Every structure is written in C-alpha cells, then in structure tokens.
>>> print(open('my_file.pdb').read())   # PDB, C-alpha atoms, pLDDT in the B column
ATOM      1  CA  MET A   1       8.673 -38.091  -7.065  1.00 43.00           C
ATOM      2  CA  ASP A   2       8.433 -36.590  -3.632  1.00 47.00           C
ATOM      3  CA  GLN A   3       6.961 -38.517  -0.762  1.00 47.00           C
ATOM      4  CA  HIS A   4       5.411 -37.232   2.417  1.00 48.00           C
ATOM      5  CA  THR A   5       3.357 -38.663   5.201  1.00 49.00           C
ATOM      6  CA  HIS A   6       0.169 -37.516   6.849  1.00 48.00           C
ATOM      7  CA  PRO A   7       0.004 -38.173  10.589  1.00 48.00           C
ATOM      8  CA  HIS A   8      -3.454 -39.055  11.837  1.00 46.00           C
ATOM      9  CA  ASP A   9      -4.676 -39.446  15.372  1.00 47.00           C
ATOM     10  CA  HIS A  10      -7.908 -41.299  14.639  1.00 47.00           C
ATOM     11  CA  ASP A  11      -8.511 -44.950  15.453  1.00 48.00           C
ATOM     12  CA  HIS A  12      -9.539 -47.684  13.042  1.00 46.00           C
ATOM     13  CA  ASP A  13      -8.922 -51.361  12.332  1.00 49.00           C
ATOM     14  CA  HIS A  14      -7.139 -51.237   8.976  1.00 47.00           C
ATOM     15  CA  PRO A  15      -3.557 -50.447   7.933  1.00 45.00           C
ATOM     16  CA  HIS A  16      -2.980 -46.790   7.176  1.00 44.00           C
ATOM     17  CA  PRO A  17       0.481 -46.008   5.772  1.00 47.00           C
ATOM     18  CA  HIS A  18      -0.262 -42.480   4.364  1.00 43.00           C
ATOM     19  CA  THR A  19       2.772 -42.333   2.135  1.00 55.00           C
ATOM     20  CA  HIS A  20       1.930 -40.621  -1.123  1.00 58.00           C
ATOM     21  CA  SER A  21       3.884 -39.723  -4.230  1.00 66.00           C
ATOM     22  CA  HIS A  22       3.400 -36.335  -5.817  1.00 75.00           C
ATOM     23  CA  THR A  23       4.301 -35.908  -9.455  1.00 84.00           C
ATOM     24  CA  GLN A  24       3.937 -32.124  -9.652  1.00 87.00           C
ATOM     25  CA  THR A  25       6.273 -30.934  -6.880  1.00 90.00           C
ATOM     26  CA  LYS A  26       8.952 -29.610  -9.247  1.00 93.00           C
ATOM     27  CA  ALA A  27       6.344 -27.882 -11.416  1.00 94.00           C
ATOM     28  CA  VAL A  28       4.736 -26.309  -8.336  1.00 94.00           C
ATOM     29  CA  LEU A  29       8.087 -25.057  -7.052  1.00 96.00           C
ATOM     30  CA  ASN A  30       8.893 -23.588 -10.477  1.00 97.00           C
ATOM     31  CA  ARG A  31       5.510 -21.857 -10.639  1.00 97.00           C
ATOM     32  CA  LEU A  32       5.959 -20.442  -7.136  1.00 98.00           C
ATOM     33  CA  SER A  33       9.430 -19.139  -7.995  1.00 98.00           C
ATOM     34  CA  ARG A  34       8.078 -17.409 -11.109  1.00 98.00           C
ATOM     35  CA  ALA A  35       5.186 -15.892  -9.144  1.00 98.00           C
ATOM     36  CA  GLN A  36       7.588 -14.711  -6.463  1.00 98.00           C
ATOM     37  CA  GLY A  37       9.786 -13.046  -9.083  1.00 98.00           C
ATOM     38  CA  HIS A  38       6.754 -11.476 -10.737  1.00 98.00           C
ATOM     39  CA  LEU A  39       5.509 -10.151  -7.386  1.00 98.00           C
ATOM     40  CA  GLU A  40       8.934  -8.650  -6.728  1.00 98.00           C
ATOM     41  CA  SER A  41       8.651  -6.878 -10.104  1.00 98.00           C
ATOM     42  CA  VAL A  42       5.267  -5.483  -9.077  1.00 98.00           C
ATOM     43  CA  ARG A  43       6.741  -4.245  -5.791  1.00 98.00           C
ATOM     44  CA  LYS A  44       9.476  -2.429  -7.735  1.00 99.00           C
ATOM     45  CA  MET A  45       6.850  -0.916 -10.035  1.00 98.00           C
ATOM     46  CA  VAL A  46       5.112   0.528  -6.976  1.00 98.00           C
ATOM     47  CA  GLU A  47       8.415   1.831  -5.591  1.00 98.00           C
ATOM     48  CA  ARG A  48       9.124   3.580  -8.919  1.00 98.00           C
ATOM     49  CA  GLY A  49       5.645   5.102  -8.937  1.00 98.00           C
ATOM     50  CA  GLU A  50       4.611   3.433 -12.175  1.00 98.00           C
ATOM     51  CA  ASP A  51       1.099   3.697 -13.575  1.00 98.00           C
ATOM     52  CA  CYS A  52      -1.459   2.284 -11.131  1.00 97.00           C
ATOM     53  CA  ALA A  53      -3.463   0.600 -13.883  1.00 98.00           C
ATOM     54  CA  GLU A  54      -0.373  -1.307 -15.071  1.00 98.00           C
ATOM     55  CA  VAL A  55       0.493  -2.259 -11.478  1.00 98.00           C
ATOM     56  CA  LEU A  56      -3.022  -3.664 -11.077  1.00 98.00           C
ATOM     57  CA  VAL A  57      -2.747  -5.617 -14.340  1.00 98.00           C
ATOM     58  CA  GLN A  58       0.549  -7.137 -13.219  1.00 98.00           C
ATOM     59  CA  LEU A  59      -0.806  -7.857  -9.738  1.00 98.00           C
ATOM     60  CA  ALA A  60      -3.787  -9.633 -11.313  1.00 98.00           C
ATOM     61  CA  ALA A  61      -1.316 -11.751 -13.294  1.00 98.00           C
ATOM     62  CA  VAL A  62       0.456 -12.751 -10.058  1.00 98.00           C
ATOM     63  CA  ILE A  63      -2.863 -13.652  -8.428  1.00 97.00           C
ATOM     64  CA  SER A  64      -3.824 -15.705 -11.474  1.00 96.00           C
ATOM     65  CA  ALA A  65      -0.469 -17.512 -11.388  1.00 97.00           C
ATOM     66  CA  LEU A  66      -0.937 -18.359  -7.707  1.00 96.00           C
ATOM     67  CA  ASN A  67      -4.481 -19.593  -8.296  1.00 94.00           C
ATOM     68  CA  SER A  68      -3.241 -21.730 -11.169  1.00 95.00           C
ATOM     69  CA  THR A  69      -0.533 -23.169  -8.923  1.00 96.00           C
ATOM     70  CA  GLY A  70      -3.165 -23.938  -6.306  1.00 93.00           C
ATOM     71  CA  ARG A  71      -5.153 -25.864  -8.900  1.00 91.00           C
ATOM     72  CA  VAL A  72      -2.070 -27.924  -9.807  1.00 92.00           C
ATOM     73  CA  ILE A  73      -1.524 -28.739  -6.121  1.00 91.00           C
ATOM     74  CA  LEU A  74      -5.191 -29.622  -5.682  1.00 89.00           C
ATOM     75  CA  LYS A  75      -5.270 -31.920  -8.708  1.00 88.00           C
ATOM     76  CA  ASP A  76      -2.063 -33.649  -7.606  1.00 87.00           C
ATOM     77  CA  HIS A  77      -3.450 -34.051  -4.091  1.00 85.00           C
ATOM     78  CA  ILE A  78      -6.666 -35.585  -5.401  1.00 84.00           C
ATOM     79  CA  ALA A  79      -4.816 -37.884  -7.794  1.00 83.00           C
ATOM     80  CA  HIS A  80      -2.504 -39.225  -5.122  1.00 80.00           C
ATOM     81  CA  CYS A  81      -3.459 -38.520  -1.504  1.00 81.00           C
ATOM     82  CA  ILE A  82      -7.232 -38.614  -1.816  1.00 82.00           C
ATOM     83  CA  VAL A  83      -7.317 -41.682  -4.057  1.00 81.00           C
ATOM     84  CA  ASP A  84      -5.101 -43.490  -1.530  1.00 82.00           C
ATOM     85  CA  ALA A  85      -7.242 -42.254   1.365  1.00 83.00           C
ATOM     86  CA  VAL A  86     -10.513 -43.368  -0.240  1.00 83.00           C
ATOM     87  CA  GLU A  87      -9.041 -46.777  -1.039  1.00 83.00           C
ATOM     88  CA  SER A  88      -8.006 -47.165   2.596  1.00 85.00           C
ATOM     89  CA  GLY A  89     -11.293 -45.821   4.015  1.00 86.00           C
ATOM     90  CA  ASP A  90      -9.812 -42.597   5.395  1.00 83.00           C
ATOM     91  CA  ASN A  91     -12.816 -40.263   5.473  1.00 84.00           C
ATOM     92  CA  GLU A  92     -10.872 -37.653   7.451  1.00 88.00           C
ATOM     93  CA  ALA A  93      -8.633 -37.015   4.441  1.00 85.00           C
ATOM     94  CA  VAL A  94     -11.692 -36.270   2.315  1.00 84.00           C
ATOM     95  CA  ASP A  95     -13.063 -33.942   5.010  1.00 88.00           C
ATOM     96  CA  SER A  96      -9.675 -32.233   5.196  1.00 87.00           C
ATOM     97  CA  LEU A  97      -9.676 -31.797   1.413  1.00 86.00           C
ATOM     98  CA  ASN A  98     -13.128 -30.216   1.521  1.00 87.00           C
ATOM     99  CA  GLN A  99     -11.946 -27.755   4.177  1.00 90.00           C
ATOM    100  CA  ALA A 100      -8.847 -26.924   2.123  1.00 86.00           C
ATOM    101  CA  ILE A 101     -10.985 -26.316  -0.970  1.00 88.00           C
ATOM    102  CA  ASP A 102     -13.255 -23.993   1.015  1.00 89.00           C
ATOM    103  CA  ARG A 103     -10.244 -21.988   2.235  1.00 89.00           C
ATOM    104  CA  PHE A 104      -8.650 -21.910  -1.229  1.00 85.00           C
ATOM    105  CA  MET A 105     -11.855 -20.691  -2.892  1.00 84.00           C
ATOM    106  CA  ARG A 106     -12.306 -17.698  -0.560  1.00 82.00           C
TER     107      ARG A 106
END
>>> encode(input="my_file.pdb", output="structure tokens")
Amino acid sequence: MDQHTHPHDHDHDHPHPHTHSHTQTKAVLNRLSRAQGHLESVRKMVERGEDCAEVLVQLAAVISALNSTGRVILKDHIAHCIVDAVESGDNEAVDSLNQAIDRFMR
C-alpha cells in the first residue's frame, strides 16, 4: 500500500494527520502503462498513414482506458482519503474532491 500526505493550510482544533493508504496504486500504474503503449501504437498508425476510421477506433479505446483509470483513482480516493477526511471533519477535502470530479468530467 502506498501512503501519501495532503498538506493543508487551514486552521482547526482537531488532529489532522492526512496519511492515507491507497490500494489501487499498482493497478493504476499498470493501466497507465498499457494506455501509454496503446497511444504509442496509435501514433505509429498515424505515421504509417493507416485508415483514419481505425485510428479513431483505437484512439477511442485509449480515451476509454484513461477514463476507466480515472474512475479507479476516484473510487480509491473516496474509499481512503475522503472517508478519512469526513471522519476528521475536513470539509476542504470534500470540496477538493468535488472540484476534481468537475475537471475529470469535462
């Protein structure tokens, strides 16, 4: 399990360690590596002048893989960081999550 910390500059009266475990880091890294390799294949298809329709199909597959990876990250973040933040009364973490979701969904 990987651990990271979230620095915060807000003031409050309760302890706030912000150390979270993530269970999906290896899976996320594997997914990103596969997507990167797939995108490189698409780039080579374009260089070779392959059929545009097939390039678009493969590009859509890369986009889908990245979106799927984003969902894994989001679920892991909710399961670990946000649960910890809610339990400790950290409303900023929830606000930050909402902003991240808005950016991800664009």
>>> closest_residue(input="my_file.pdb", among="A:Ser33, A:Ser64, A:Asn98, A:Ser41", to="A:Ile78", atoms="all atoms listed in the file")
A:Asn98
>>> resolve_selection(input="my_file.pdb", expression="the PyMOL selection byres ((chain A and resi 77) around 12)", output="PyMOL selection string")
chain A and resi 3-4+20-25+70-76+78-85+93-94+96-98+100-101
>>> residues_around(input="my_file.pdb", residues="A:Ala60", least_positions_apart="5", cutoff="12 Å", atoms="all atoms listed in the file", output="compact mmCIF listing (two decimals) with C-alpha atoms, in the frame of the given file")
# COMPACT_ATOMS: atom_id res chain seq x y z
CA ALA A 35 5.19 -15.89 -9.14
CA HIS A 38 6.75 -11.48 -10.74
CA LEU A 39 5.51 -10.15 -7.39
CA VAL A 42 5.27 -5.48 -9.08
CA ALA A 53 -3.46 0.60 -13.88
CA GLU A 54 -0.37 -1.31 -15.07
CA VAL A 55 0.49 -2.26 -11.48
CA ALA A 65 -0.47 -17.51 -11.39
CA LEU A 66 -0.94 -18.36 -7.71
CA ASN A 67 -4.48 -19.59 -8.30
>>> atom_distance(input="my_file.pdb", atom1="atom CA of A:Gly37", atom2="atom CA of A:Glu50")
17.5 Å
>>> atom_distance(input="my_file.pdb", atom1="atom CA of A:Ala61", atom2="atom CA of A:Gln99")
26.0 Å
>>> atom_distance(input="my_file.pdb", atom1="atom CA of A:Glu92", atom2="atom CA of A:Lys26")
27.1 Å
>>> build_atoms(input="my_file.pdb", residues="stretch 63-77 of chain A", atoms="N, CA and C atoms", output="CSV table (one decimal), keeping the file's coordinate frame")
chain,number,residue,atom,x,y,z
A,63,ILE,N,-1.8,-12.9,-9.1
A,63,ILE,CA,-2.9,-13.7,-8.4
A,63,ILE,C,-3.3,-14.8,-9.3
A,64,SER,N,-3.4,-14.6,-10.6
A,64,SER,CA,-3.8,-15.7,-11.5
A,64,SER,C,-2.8,-16.8,-11.4
A,65,ALA,N,-1.5,-16.5,-11.4
A,65,ALA,CA,-0.5,-17.5,-11.4
A,65,ALA,C,-0.5,-18.3,-10.1
A,66,LEU,N,-0.8,-17.6,-9.0
A,66,LEU,CA,-0.9,-18.4,-7.7
A,66,LEU,C,-2.2,-19.3,-7.7
A,67,ASN,N,-3.3,-18.8,-8.2
A,67,ASN,CA,-4.5,-19.6,-8.3
A,67,ASN,C,-4.3,-20.8,-9.2
A,68,SER,N,-3.6,-20.6,-10.3
A,68,SER,CA,-3.2,-21.7,-11.2
A,68,SER,C,-2.4,-22.8,-10.5
A,69,THR,N,-1.4,-22.3,-9.7
A,69,THR,CA,-0.5,-23.2,-8.9
A,69,THR,C,-1.4,-23.9,-7.9
A,70,GLY,N,-2.3,-23.3,-7.3
A,70,GLY,CA,-3.2,-23.9,-6.3
A,70,GLY,C,-4.0,-25.1,-7.0
A,71,ARG,N,-4.4,-24.8,-8.2
A,71,ARG,CA,-5.2,-25.9,-8.9
A,71,ARG,C,-4.3,-27.1,-9.2
A,72,VAL,N,-3.0,-26.8,-9.6
A,72,VAL,CA,-2.1,-27.9,-9.8
A,72,VAL,C,-1.9,-28.7,-8.5
A,73,ILE,N,-1.7,-28.1,-7.4
A,73,ILE,CA,-1.5,-28.7,-6.1
A,73,ILE,C,-2.8,-29.5,-5.8
A,74,LEU,N,-3.9,-28.9,-6.0
A,74,LEU,CA,-5.2,-29.6,-5.7
A,74,LEU,C,-5.4,-30.9,-6.5
A,75,LYS,N,-5.1,-30.8,-7.8
A,75,LYS,CA,-5.3,-31.9,-8.7
A,75,LYS,C,-4.3,-33.0,-8.3
A,76,ASP,N,-3.1,-32.7,-8.0
A,76,ASP,CA,-2.1,-33.6,-7.6
A,76,ASP,C,-2.5,-34.3,-6.3
A,77,HIS,N,-3.0,-33.5,-5.4
A,77,HIS,CA,-3.4,-34.1,-4.1
A,77,HIS,C,-4.6,-35.0,-4.3
